[in-house]
$ cat my_file.cif   # mmCIF, C-alpha atoms
data_run
#
loop_
_atom_site.label_atom_id
_atom_site.label_comp_id
_atom_site.auth_asym_id
_atom_site.auth_seq_id
_atom_site.Cartn_x
_atom_site.Cartn_y
_atom_site.Cartn_z
CA MET A 1 -30.97 28.95 -80.84
CA GLY A 2 -27.92 27.40 -82.61
CA SER A 3 -26.02 29.42 -85.17
CA ALA A 4 -29.01 31.76 -85.58
CA GLY A 5 -28.62 32.56 -81.86
CA PHE A 6 -24.88 32.80 -82.43
CA LYS A 7 -25.46 35.45 -85.11
CA GLN A 8 -27.95 37.35 -82.91
CA GLN A 9 -25.43 37.50 -80.08
CA LEU A 10 -22.74 38.76 -82.45
CA LEU A 11 -25.06 41.47 -83.75
CA LEU A 12 -25.95 42.50 -80.19
CA ALA A 13 -22.23 42.62 -79.38
CA LEU A 14 -21.77 44.93 -82.38
CA VAL A 15 -24.48 47.23 -81.00
CA LEU A 16 -22.85 47.24 -77.55
CA LEU A 17 -19.35 48.01 -78.87
CA PRO A 18 -19.74 51.83 -78.90
CA ILE A 19 -20.79 51.72 -75.22
CA THR A 20 -17.98 49.42 -74.09
CA PHE A 21 -15.39 51.33 -76.14
CA ALA A 22 -16.57 54.63 -74.58
CA LEU A 23 -16.25 53.12 -71.08
CA TRP A 24 -12.82 51.74 -71.92
CA TYR A 25 -11.64 55.06 -73.34
CA ALA A 26 -12.81 56.90 -70.22
CA SER A 27 -11.07 54.52 -67.81
CA ALA A 28 -8.20 53.10 -69.88
CA GLN A 29 -5.44 54.02 -67.41
CA LEU A 30 -7.23 52.35 -64.52
CA LEU A 31 -8.05 49.27 -66.57
CA VAL A 32 -4.48 48.75 -67.73
CA ALA A 33 -2.84 49.33 -64.32
CA PRO A 34 -2.92 45.67 -63.12
CA ALA A 35 -1.46 44.47 -66.43
CA SER A 36 1.33 47.05 -66.22
CA LEU A 37 2.22 45.79 -62.74
CA VAL A 38 2.57 42.26 -64.11
CA SER A 39 4.66 43.54 -67.06
CA ASP A 40 6.88 45.42 -64.63
CA TRP A 41 7.37 42.23 -62.63
CA ILE A 42 8.17 40.17 -65.77
CA LEU A 43 10.69 42.74 -67.03
CA ARG A 44 12.43 43.03 -63.67
CA PHE A 45 12.68 39.25 -63.45
CA TRP A 46 13.66 38.62 -67.09
CA LEU A 47 15.76 41.70 -67.93
CA SER A 48 17.03 42.73 -64.52
CA ASP A 49 20.42 43.78 -65.95
CA LEU A 50 18.81 46.04 -68.53
CA VAL A 51 15.65 47.49 -66.99
CA THR A 52 16.02 49.94 -64.12
CA SER A 53 12.38 50.99 -63.81
CA SER A 54 9.08 50.65 -65.60
CA GLY A 55 5.58 51.91 -65.07
CA LEU A 56 2.57 53.70 -66.43
CA SER A 57 2.38 57.30 -67.54
CA GLY A 58 -1.23 57.77 -68.56
CA THR A 59 -1.82 54.77 -70.82
CA THR A 60 1.83 54.69 -71.93
CA PHE A 61 4.07 52.02 -70.42
CA VAL A 62 7.52 53.56 -69.95
CA VAL A 63 10.64 51.45 -69.50
CA GLU A 64 13.93 53.01 -68.43
CA THR A 65 17.08 51.06 -69.17
CA SER A 66 20.54 51.09 -67.66
CA LEU A 67 21.90 52.17 -71.06
CA GLY A 68 22.43 55.45 -72.82
CA SER A 69 23.56 56.65 -76.21
CA MET A 70 26.85 58.45 -76.88
CA ASN A 71 28.04 59.32 -80.39
CA GLY A 72 25.74 56.68 -81.81
CA ALA A 73 27.11 53.93 -79.54
CA ILE A 74 25.17 52.15 -76.81
CA VAL A 75 27.01 52.60 -73.51
CA PRO A 76 26.09 52.52 -69.80
CA ALA A 77 23.75 55.35 -68.87
CA LYS A 78 26.24 56.81 -66.38
CA THR A 79 28.87 57.10 -69.12
CA ALA A 80 26.44 58.50 -71.67
CA GLY A 81 24.79 60.94 -69.30
CA ASN A 82 21.39 59.99 -70.71
CA VAL A 83 19.00 57.09 -70.46
CA ILE A 84 17.45 55.07 -73.26
CA THR A 85 13.74 54.69 -72.57
CA PHE A 86 11.02 52.78 -74.37
CA GLU A 87 7.41 53.91 -74.51
CA ILE A 88 4.61 51.49 -75.34
CA ASP A 89 0.99 52.37 -76.07
CA THR A 90 -0.89 49.94 -73.83
CA ASN A 91 -4.14 50.62 -75.68
CA LEU A 92 -2.70 48.43 -78.45
CA VAL A 93 -3.45 45.42 -76.27
CA SER A 94 -6.06 46.73 -73.83
CA TYR A 95 -8.75 47.21 -76.48
CA SER A 96 -9.45 43.51 -75.99
CA LEU A 97 -11.34 44.53 -72.83
CA PRO A 98 -14.21 46.43 -74.52
CA PHE A 99 -14.44 43.68 -77.14
CA TYR A 100 -14.67 40.95 -74.51
CA THR A 101 -17.16 42.98 -72.45
CA ALA A 102 -19.44 43.52 -75.46
CA LEU A 103 -19.37 39.78 -76.29
CA LEU A 104 -20.15 38.78 -72.70
CA TRP A 105 -22.87 41.39 -72.17
CA ALA A 106 -24.53 40.25 -75.38
CA SER A 107 -24.77 36.69 -74.04
CA ARG A 108 -27.30 35.05 -71.80
CA VAL A 109 -25.03 33.28 -69.33
CA ASP A 110 -25.34 32.51 -65.63
CA ARG A 111 -23.18 34.31 -63.05
CA GLN A 112 -22.21 36.97 -65.55
CA LEU A 113 -20.32 39.09 -63.01
CA ASP A 114 -18.18 36.14 -61.83
CA LYS A 115 -17.39 35.29 -65.41
CA PHE A 116 -16.57 38.89 -66.22
CA LEU A 117 -14.13 39.11 -63.30
CA PHE A 118 -12.45 35.86 -64.36
CA GLY A 119 -12.21 37.18 -67.93
CA LEU A 120 -10.82 40.48 -66.72
CA VAL A 121 -8.01 38.80 -64.78
CA THR A 122 -7.21 36.51 -67.74
CA ILE A 123 -7.09 39.45 -70.14
CA TRP A 124 -4.87 41.42 -67.76
CA CYS A 125 -2.37 38.53 -67.82
CA LEU A 126 -2.50 38.35 -71.64
CA MET A 127 -2.14 42.14 -71.84
CA ALA A 128 0.96 41.94 -69.66
CA ILE A 129 2.47 39.35 -72.01
CA GLY A 130 1.55 41.57 -74.98
CA VAL A 131 3.20 44.64 -73.44
CA THR A 132 6.31 42.57 -72.68
CA ALA A 133 6.36 41.28 -76.28
CA MET A 134 6.21 44.88 -77.57
CA ILE A 135 9.08 45.91 -75.29
CA ALA A 136 11.11 42.88 -76.43
CA LYS A 137 10.56 43.77 -80.09
CA GLU A 138 11.50 47.42 -79.54
CA MET A 139 14.64 46.46 -77.63
CA MET A 140 15.64 43.88 -80.21
CA PHE A 141 15.72 46.59 -82.89
CA ALA A 142 17.06 49.52 -80.83
CA ILE A 143 19.66 47.82 -78.62
CA PRO A 144 20.13 44.39 -80.25
CA ASP A 145 23.42 43.32 -78.61
CA ALA A 146 22.49 44.40 -75.09
CA PHE A 147 19.04 42.82 -75.42
CA ALA A 148 20.39 39.53 -76.77
CA SER A 149 22.88 39.12 -73.92
CA ALA A 150 20.47 40.27 -71.19
CA ALA A 151 17.53 38.20 -72.43
CA GLY A 152 19.55 35.01 -72.94
CA ARG A 153 19.91 35.49 -76.70
CA PRO A 154 16.35 34.73 -77.81
CA SER A 155 16.03 33.98 -81.50
CA PRO A 156 14.72 36.99 -83.47
CA HIS A 157 12.14 34.58 -84.91
CA ILE A 158 10.83 33.81 -81.43
CA VAL A 159 10.57 37.54 -80.63
CA ALA A 160 8.83 38.18 -83.97
CA LEU A 161 6.42 35.27 -83.50
CA SER A 162 5.71 36.33 -79.94
CA TYR A 163 4.96 39.89 -81.10
CA GLN A 164 2.80 38.64 -83.96
CA PHE A 165 0.87 36.30 -81.70
CA ASN A 166 0.55 38.38 -78.52
CA VAL A 167 0.13 41.86 -80.01
CA LEU A 168 -1.42 41.45 -83.45
CA LEU A 169 -3.59 38.41 -82.75
CA MET A 170 -4.38 37.94 -79.06
CA PRO A 171 -6.18 41.27 -78.43
CA THR A 172 -8.92 40.17 -80.81
CA LEU A 173 -8.66 36.39 -80.45
CA SER A 174 -8.48 36.13 -76.64
CA PRO A 175 -11.88 37.83 -76.05
CA VAL A 176 -13.49 35.40 -78.49
CA ALA A 177 -11.79 32.36 -76.94
CA LEU A 178 -12.73 33.48 -73.41
CA TRP A 179 -16.29 34.23 -74.44
CA LEU A 180 -16.70 30.80 -76.08
CA TYR A 181 -15.21 29.13 -72.99
CA GLN A 182 -17.62 31.02 -70.74
CA LEU A 183 -20.61 30.10 -72.87
CA ARG A 184 -20.33 26.55 -71.47
CA GLY A 185 -23.63 25.50 -69.95
CA SER A 186 -25.63 28.03 -71.95
CA PRO A 187 -28.25 26.88 -74.51
CA LEU A 188 -26.07 28.28 -77.29
CA TRP A 189 -23.05 26.28 -76.13
CA ASP A 190 -25.13 23.11 -75.83
CA GLU A 191 -26.38 23.57 -79.37
CA LEU A 192 -22.92 24.28 -80.79
CA SER A 193 -21.49 21.34 -78.87
CA ARG A 194 -24.24 19.03 -80.17
CA ARG A 195 -23.53 20.10 -83.72
CA LEU A 196 -19.82 19.56 -83.27
CA ASP A 197 -20.43 16.08 -81.83
CA GLU A 198 -22.76 15.25 -84.71
CA ALA A 199 -20.20 16.45 -87.23
CA SER A 200 -17.42 14.56 -85.46
CA ASN A 201 -19.42 11.31 -85.63
CA THR A 202 -20.15 11.78 -89.33
CA ARG A 203 -17.84 10.08 -91.78
CA PHE A 204 -16.67 12.49 -94.47
CA ASP A 205 -15.45 10.86 -97.68
CA MET B 1 -14.91 20.21 -78.13
CA PRO B 2 -11.36 19.68 -76.78
CA LYS B 3 -10.35 18.16 -80.14
CA PHE B 4 -11.76 21.22 -81.93
CA PHE B 5 -9.80 23.64 -79.74
CA LEU B 6 -6.56 21.65 -79.98
CA THR B 7 -6.79 21.41 -83.79
CA PHE B 8 -7.67 25.10 -83.93
CA ALA B 9 -4.68 26.12 -81.77
CA ALA B 10 -2.26 23.87 -83.66
CA SER B 11 -3.47 25.14 -87.06
CA LEU B 12 -3.17 28.71 -85.82
CA LEU B 13 0.41 28.21 -84.68
CA ILE B 14 1.45 26.46 -87.90
CA LEU B 15 -0.19 29.03 -90.18
CA PHE B 16 1.26 31.97 -88.25
CA THR B 17 4.73 30.47 -88.37
CA LEU B 18 4.35 29.86 -92.12
CA GLU B 19 3.21 33.46 -92.61
CA LEU B 20 6.38 34.77 -90.99
CA LEU B 21 8.71 32.80 -93.28
CA LYS B 22 10.73 35.06 -95.55
CA PRO B 23 9.75 33.39 -98.86
CA VAL B 24 6.06 33.48 -97.89
CA GLN B 25 6.36 37.17 -97.03
CA GLN B 26 8.33 37.94 -100.19
CA TYR B 27 6.32 35.98 -102.76
CA LEU B 28 2.85 35.89 -101.23
CA ILE B 29 2.09 38.39 -98.45
CA GLN B 30 3.81 41.49 -99.82
CA PRO B 31 2.52 41.14 -103.42
CA PHE B 32 -0.93 40.44 -101.98
CA THR B 33 -0.72 43.54 -99.79
CA GLY B 34 0.33 45.60 -102.82
CA GLY B 35 -2.63 44.15 -104.71
CA LEU B 36 -4.95 45.31 -101.91
CA ALA B 37 -3.62 48.88 -102.30
CA SER B 38 -4.15 48.75 -106.08
CA LEU B 39 -7.65 47.32 -105.71
CA SER B 40 -8.59 49.97 -103.13
CA THR B 41 -7.34 52.68 -105.49
CA THR B 42 -9.30 51.17 -108.38
CA ILE B 43 -12.46 51.32 -106.27
CA ILE B 44 -11.84 54.91 -105.14
CA GLU B 45 -10.69 56.34 -108.51
CA PRO B 46 -14.15 56.76 -110.14
CA PHE B 47 -15.12 59.01 -107.19
CA ASP B 48 -11.80 60.69 -106.46
CA ALA B 49 -9.36 61.39 -109.28
CA ASN B 50 -6.60 62.50 -106.89
CA VAL B 51 -5.92 59.00 -105.56
CA ILE B 52 -2.82 57.12 -106.67
CA SER B 53 -1.17 53.94 -105.41
CA HIS B 54 2.38 52.67 -105.60
CA GLY B 55 3.39 49.45 -103.91
CA ARG B 56 1.58 49.22 -100.60
CA VAL B 57 0.97 52.98 -100.42
CA ILE B 58 -2.25 54.84 -101.30
CA ARG B 59 -1.72 58.59 -101.73
CA ASP B 60 -3.91 61.62 -102.22
CA SER B 61 -2.00 63.68 -104.78
CA ALA B 62 -3.79 66.90 -103.77
CA SER B 63 -3.18 66.84 -99.99
CA GLY B 64 -0.12 64.56 -100.01
CA PHE B 65 -1.71 62.35 -97.34
CA ALA B 66 -0.79 58.68 -97.72
CA VAL B 67 -1.49 55.39 -96.01
CA SER B 68 0.76 52.35 -96.20
CA ILE B 69 -0.78 48.93 -95.78
CA GLU B 70 1.47 47.07 -93.35
CA ALA B 71 1.53 43.66 -91.67
CA GLY B 72 -1.56 43.33 -89.53
CA CYS B 73 -3.54 45.60 -91.87
CA ASN B 74 -3.96 43.19 -94.78
CA GLY B 75 -6.54 40.87 -93.23
CA VAL B 76 -4.15 37.92 -93.39
CA GLU B 77 -4.23 37.32 -89.62
CA ALA B 78 -8.04 37.33 -89.61
CA THR B 79 -8.05 34.92 -92.56
CA ILE B 80 -5.67 32.62 -90.69
CA VAL B 81 -8.03 32.55 -87.68
CA LEU B 82 -10.94 31.65 -89.98
CA ILE B 83 -8.94 28.94 -91.80
CA ALA B 84 -7.89 27.42 -88.46
CA ALA B 85 -11.51 27.36 -87.23
CA VAL B 86 -12.80 25.86 -90.49
CA LEU B 87 -10.05 23.22 -90.52
CA ALA B 88 -10.81 22.29 -86.91
CA PHE B 89 -14.55 21.84 -87.45
CA PRO B 90 -15.38 18.42 -88.94
CA ALA B 91 -16.76 18.69 -92.49
CA THR B 92 -15.98 17.51 -95.99
CA TRP B 93 -12.93 19.03 -97.70
CA ARG B 94 -15.27 20.51 -100.31
CA HIS B 95 -17.24 22.34 -97.61
CA LYS B 96 -14.04 23.49 -95.94
CA LEU B 97 -12.61 24.79 -99.21
CA ILE B 98 -15.80 26.71 -100.05
CA ALA B 99 -15.88 28.20 -96.53
CA ILE B 100 -12.25 29.28 -96.74
CA VAL B 101 -12.66 30.90 -100.18
CA ALA B 102 -15.97 32.60 -99.31
CA GLY B 103 -14.67 33.64 -95.88
CA PHE B 104 -11.49 35.04 -97.39
CA LEU B 105 -13.58 37.15 -99.81
CA ALA B 106 -15.87 38.35 -97.00
CA ILE B 107 -12.93 39.33 -94.80
CA GLN B 108 -11.13 41.09 -97.65
CA ALA B 109 -14.29 42.94 -98.70
CA LEU B 110 -14.56 44.39 -95.18
CA ASN B 111 -10.81 44.99 -95.10
CA ILE B 112 -10.97 47.05 -98.29
CA ALA B 113 -13.85 49.04 -96.75
CA ARG B 114 -11.54 49.52 -93.76
CA ILE B 115 -8.61 50.70 -95.89
CA ILE B 116 -10.77 53.16 -97.85
CA SER B 117 -12.46 54.49 -94.70
CA LEU B 118 -9.09 54.97 -93.00
CA PHE B 119 -7.70 56.74 -96.05
CA TYR B 120 -10.43 59.38 -95.80
CA LEU B 121 -10.57 59.46 -91.98
CA GLY B 122 -6.85 60.21 -91.95
CA GLN B 123 -7.35 63.24 -94.16
CA TRP B 124 -10.19 64.46 -91.99
CA ASN B 125 -8.95 63.86 -88.43
CA PHE B 126 -5.72 62.04 -87.59
CA SER B 127 -6.69 61.23 -83.97
CA ILE B 128 -9.88 59.52 -85.12
CA PHE B 129 -7.89 57.77 -87.84
CA GLU B 130 -5.47 56.34 -85.27
CA TRP B 131 -8.23 55.34 -82.90
CA THR B 132 -10.28 53.49 -85.51
CA HIS B 133 -7.20 52.03 -87.19
CA LEU B 134 -5.57 50.63 -84.07
CA TYR B 135 -8.50 49.70 -81.85
CA LEU B 136 -11.90 49.66 -83.55
CA TRP B 137 -11.33 48.11 -86.98
CA PRO B 138 -9.42 45.04 -85.68
CA VAL B 139 -12.45 44.23 -83.49
CA LEU B 140 -14.86 44.68 -86.40
CA ILE B 141 -12.73 42.42 -88.60
CA MET B 142 -12.72 39.71 -85.90
CA LEU B 143 -16.50 40.04 -85.55
CA ASP B 144 -16.65 39.54 -89.32
CA VAL B 145 -14.64 36.31 -88.92
CA LEU B 146 -17.04 35.13 -86.21
CA MET B 147 -20.04 36.02 -88.35
CA VAL B 148 -18.63 34.14 -91.35
CA PHE B 149 -18.00 31.11 -89.13
CA ALA B 150 -21.56 31.32 -87.73
CA ILE B 151 -22.95 31.41 -91.28
CA TYR B 152 -20.72 28.45 -92.19
CA LEU B 153 -22.07 26.42 -89.24
CA ARG B 154 -25.61 27.26 -90.32
CA TRP B 155 -24.86 26.30 -93.92
CA LEU B 156 -23.19 23.05 -92.85
CA THR B 157 -26.17 21.88 -90.84
CA ILE B 158 -28.91 22.69 -93.36
CA PRO B 159 -28.38 19.65 -95.65
CA ASN B 160 -28.02 17.34 -92.61
CA ALA B 161 -31.20 18.72 -91.07
CA THR B 162 -33.06 18.28 -94.35
CA GLN B 163 -32.03 14.64 -94.52
CA ARG B 164 -33.00 13.96 -90.89
CA ASN B 165 -36.31 15.72 -90.62
CA PRO B 166 -37.61 17.78 -93.56
CA GLU B 167 -40.62 19.09 -91.61
CA GLN B 168 -38.39 20.44 -88.84
CA VAL B 169 -36.47 22.50 -91.37
CA GLU B 170 -39.61 23.86 -93.00
CA ASN B 171 -41.04 24.88 -89.66
CA GLY B 172 -37.68 26.09 -88.31
#

$ encode --input "my_file.cif" --output "structure tokens"
Amino acid sequence: MGSAGFKQQLLLALVLLPITFALWYASAQLLVAPASLVSDWILRFWLSDLVTSSGLSGTTFVVETSLGSMNGAIVPAKTAGNVITFEIDTNLVSYSLPFYTALLWASRVDRQLDKFLFGLVTIWCLMAIGVTAMIAKEMMFAIPDAFASAAGRPSPHIVALSYQFNVLLMPTLSPVALWLYQLRGSPLWDELSRRLDEASNTRFD
Amino acid sequence: MPKFFLTFAASLLILFTLELLKPVQQYLIQPFTGGLASLSTTIIEPFDANVISHGRVIRDSASGFAVSIEAGCNGVEATIVLIAAVLAFPATWRHKLIAIVAGFLAIQALNIARIISLFYLGQWNFSIFEWTHLYLWPVLIMLDVLMVFAIYLRWLTIPNATQRNPEQVENG
């Protein structure tokens, strides 16, 4: 086992990826629905002054605001006679699901279904945060003043870091982290853990 | 294990914050990204004379199709994940440095393959280009990071194993 087993599992995950991606592509709207509900809840709680409604249209998360555009100025939607909406491609964060599924299916772990369900719920929560981070970034650029006052004036750096972390990194990192966490108790985990303990007890000059 | 994960998470956060700093973007990330475009063009040119690059953009002069290498497409995030994992795993600084340099090269080799494949996929079918660009290639790059880290773990333990029990290594 050990890192040779680690490599074998990664190669098996690579083989399984086309299957899990095909399943994800066929059922993407269904798979993203719980995450979109959480995003909707976060937006209504955080940006209640700004967001009037949000929800899924296919795999696109659509947010309607209370604002509109008139002669290049941002004004209330009633005054403008139009509504500024934001559309987010949820696939940009939901592709973590087929990646996680391939990693887990490639592993020999006990209670695989229980672990998969736990992973699914965790990834839904992370997806919801990712969708919210994308909305925050879009709003920061499109309606900066309204967003800053409604969201409690978050620093642009915080929004940028949140986007970077939750959208560019987490969809690929979270499946790996979850998978490693769920390997606990497996022979591969025991071997990796033993090696880490050995390395930790070694003095490096 | 908890120490490994804490060090990993802290390194990740620090490196990502550093990457976002304006001077780092201006003097390191953007020139590096431009270099990736030039290198990709240099690799393609012997097979396709229509390819030109300027800045972060690779263009096909015949069809006019162009790709721009943006943040998230330059392999820097994947490299940061690898560096954080290598820093968190106990080893000598020499081993860590070799792993980071070799891992960086492995990630960038695959990333250049990604850029070139996307350049041609985009000219062939834009839907497939988008799909592979946004969803499939990021996963393959992360698998590459994992594979590099697995090879590093294997490499780290070989000298130790040899010292402990030479026969075990020969038979293993």

$ residues_around --input "my_file.cif" --residues "region 64-78 of chain A" --least-positions-apart "5" --cutoff "6 Å" --atoms "all atoms listed in the file" --output "list in words"
Leu50, Val51, Thr52, Ser53, Val83, Ile84 and Thr85 of chain A

$ resolve_selection --input "my_file.cif" --expression "the PyMOL selection byres ((chain B and resi 84) around 10)" --output "PyMOL selection string"
chain B and resi 4-5+7-15+78-83+85-89+100

$ residues_around --input "my_file.cif" --residues "Leu180 (chain A)" --least-positions-apart "3" --cutoff "12 Å" --atoms "all atoms listed in the file" --output "list in words"
Phe6, Gln9, Leu10, Tyr100, Leu103, Leu104, Ser107, Val109, Lys115, Gly119, Leu173, Ser174, Pro175, Val176, Ala177, Leu183, Arg184, Gly185, Ser186, Leu188, Trp189, Asp190, Leu192 and Ser193 of chain A; Met1, Phe5 and Leu146 of chain B

$ residues_around --input "my_file.cif" --residues "Leu126 (chain A)" --least-positions-apart "2" --cutoff "9 Å" --atoms "all atoms listed in the file" --output "ChimeraX atom specification"
/A:35,93,121-124,128-131,166,170-171,174

$ resolve_selection --input "my_file.cif" --expression "the PyMOL selection byres ((chain A and resi 101) around 12)" --output "PyMOL selection string"
chain A and resi 12-14+16-24+94-100+102-107+112-113+115-120+123+174-176+178-179

$ resolve_selection --input "my_file.cif" --expression "the PyMOL selection byres ((chain B and resi 40) around 10)" --output "mmCIF file with C-alpha atoms, keeping the file's coordinate frame"
data_model
loop_
_atom_site.group_PDB
_atom_site.id
_atom_site.type_symbol
_atom_site.label_atom_id
_atom_site.label_comp_id
_atom_site.auth_asym_id
_atom_site.auth_seq_id
_atom_site.Cartn_x
_atom_site.Cartn_y
_atom_site.Cartn_z
ATOM 1 C CA GLY B 34 0.330 45.600 -102.820
ATOM 2 C CA GLY B 35 -2.630 44.150 -104.710
ATOM 3 C CA LEU B 36 -4.950 45.310 -101.910
ATOM 4 C CA ALA B 37 -3.620 48.880 -102.300
ATOM 5 C CA SER B 38 -4.150 48.750 -106.080
ATOM 6 C CA LEU B 39 -7.650 47.320 -105.710
ATOM 7 C CA THR B 41 -7.340 52.680 -105.490
ATOM 8 C CA THR B 42 -9.300 51.170 -108.380
ATOM 9 C CA ILE B 43 -12.460 51.320 -106.270
ATOM 10 C CA ILE B 44 -11.840 54.910 -105.140
ATOM 11 C CA GLU B 45 -10.690 56.340 -108.510
ATOM 12 C CA VAL B 51 -5.920 59.000 -105.560
ATOM 13 C CA ILE B 52 -2.820 57.120 -106.670
ATOM 14 C CA SER B 53 -1.170 53.940 -105.410
ATOM 15 C CA ILE B 58 -2.250 54.840 -101.300
ATOM 16 C CA ASN B 111 -10.810 44.990 -95.100
ATOM 17 C CA ILE B 112 -10.970 47.050 -98.290
ATOM 18 C CA ALA B 113 -13.850 49.040 -96.750
ATOM 19 C CA ARG B 114 -11.540 49.520 -93.760
ATOM 20 C CA ILE B 115 -8.610 50.700 -95.890
ATOM 21 C CA ILE B 116 -10.770 53.160 -97.850
ATOM 22 C CA PHE B 119 -7.700 56.740 -96.050
#

$ atom_distance --input "my_file.cif" --atom1 "CA of Tyr135 (chain B)" --atom2 "CA of Ser36 (chain A)"
18.7 Å

$ atom_distance --input "my_file.cif" --atom1 "CA of Ile158 (chain A)" --atom2 "CA of Met134 (chain A)"
12.6 Å

$ closest_residue --input "my_file.cif" --among "A:Met127, A:Arg44, A:Ser39, A:Val63" --to "Phe165 (chain A)" --atoms "all atoms listed in the file"
A:Met127

$ closest_residue --input "my_file.cif" --among "B:Leu118, B:Ile98, B:Met147, B:Ala91" --to "Ile69 (chain B)" --atoms "only C-alpha atoms"
B:Leu118

$ atom_distance --input "my_file.cif" --atom1 "CA of Pro154 (chain A)" --atom2 "CA of Cys125 (chain A)"
21.6 Å

$ closest_residue --input "my_file.cif" --among "B:Gly72, B:Pro90, B:Asp48, B:Leu156" --to "Leu196 (chain A)" --atoms "all atoms listed in the file"
B:Pro90

$ decode --input "my_file.cif" --residues "region 80-133 of chain B" --atoms "C-alpha atoms" --output "compact mmCIF listing (two decimals), in the first residue's frame"
# COMPACT_ATOMS: atom_id res chain seq x y z
CA ILE B 80 0.60 27.05 -4.31
CA VAL B 81 -1.35 23.96 -3.19
CA LEU B 82 1.70 21.78 -3.85
CA ILE B 83 4.07 24.17 -2.04
CA ALA B 84 1.73 24.27 0.97
CA ALA B 85 1.58 20.45 1.10
CA VAL B 86 5.36 20.09 0.74
CA LEU B 87 6.00 22.73 3.42
CA ALA B 88 3.57 21.00 5.79
CA PHE B 89 5.13 17.55 5.43
CA PRO B 90 8.23 17.13 7.62
CA ALA B 91 11.42 16.77 5.56
CA THR B 92 14.76 18.47 5.09
CA TRP B 93 14.75 21.87 3.39
CA ARG B 94 16.80 20.35 0.57
CA HIS B 95 14.10 17.73 -0.06
CA LYS B 96 11.39 20.36 0.13
CA LEU B 97 13.19 22.63 -2.32
CA ILE B 98 13.73 19.81 -4.82
CA ALA B 99 10.06 18.78 -4.52
CA ILE B 100 8.86 22.34 -5.07
CA VAL B 101 11.08 22.89 -8.13
CA ALA B 102 10.31 19.48 -9.67
CA GLY B 103 6.62 19.80 -8.83
CA PHE B 104 6.47 23.28 -10.32
CA LEU B 105 7.99 21.94 -13.56
CA ALA B 106 5.58 18.98 -13.63
CA ILE B 107 2.56 21.23 -13.08
CA GLN B 108 3.69 23.74 -15.69
CA ALA B 109 4.44 20.99 -18.23
CA LEU B 110 0.84 19.79 -17.91
CA ASN B 111 -0.41 23.37 -17.89
CA ILE B 112 1.33 24.10 -21.19
CA ALA B 113 -0.25 20.93 -22.62
CA ARG B 114 -3.55 22.34 -21.35
CA ILE B 115 -3.00 25.75 -22.97
CA ILE B 116 -2.02 24.22 -26.32
CA SER B 117 -4.92 21.74 -26.27
CA LEU B 118 -7.38 24.53 -25.44
CA PHE B 119 -5.98 26.71 -28.21
CA TYR B 120 -6.82 24.03 -30.78
CA LEU B 121 -10.05 22.85 -29.12
CA GLY B 122 -11.32 26.44 -29.25
CA GLN B 123 -10.78 26.57 -33.00
CA TRP B 124 -12.53 23.25 -33.45
CA ASN B 125 -15.55 23.48 -31.12
CA PHE B 126 -16.14 26.35 -28.69
CA SER B 127 -18.58 24.42 -26.45
CA ILE B 128 -16.04 21.65 -25.91
CA PHE B 129 -13.36 24.30 -25.36
CA GLU B 130 -15.43 25.92 -22.59
CA TRP B 131 -16.29 22.61 -21.00
CA THR B 132 -12.72 21.34 -20.86
CA HIS B 133 -11.32 24.75 -19.93
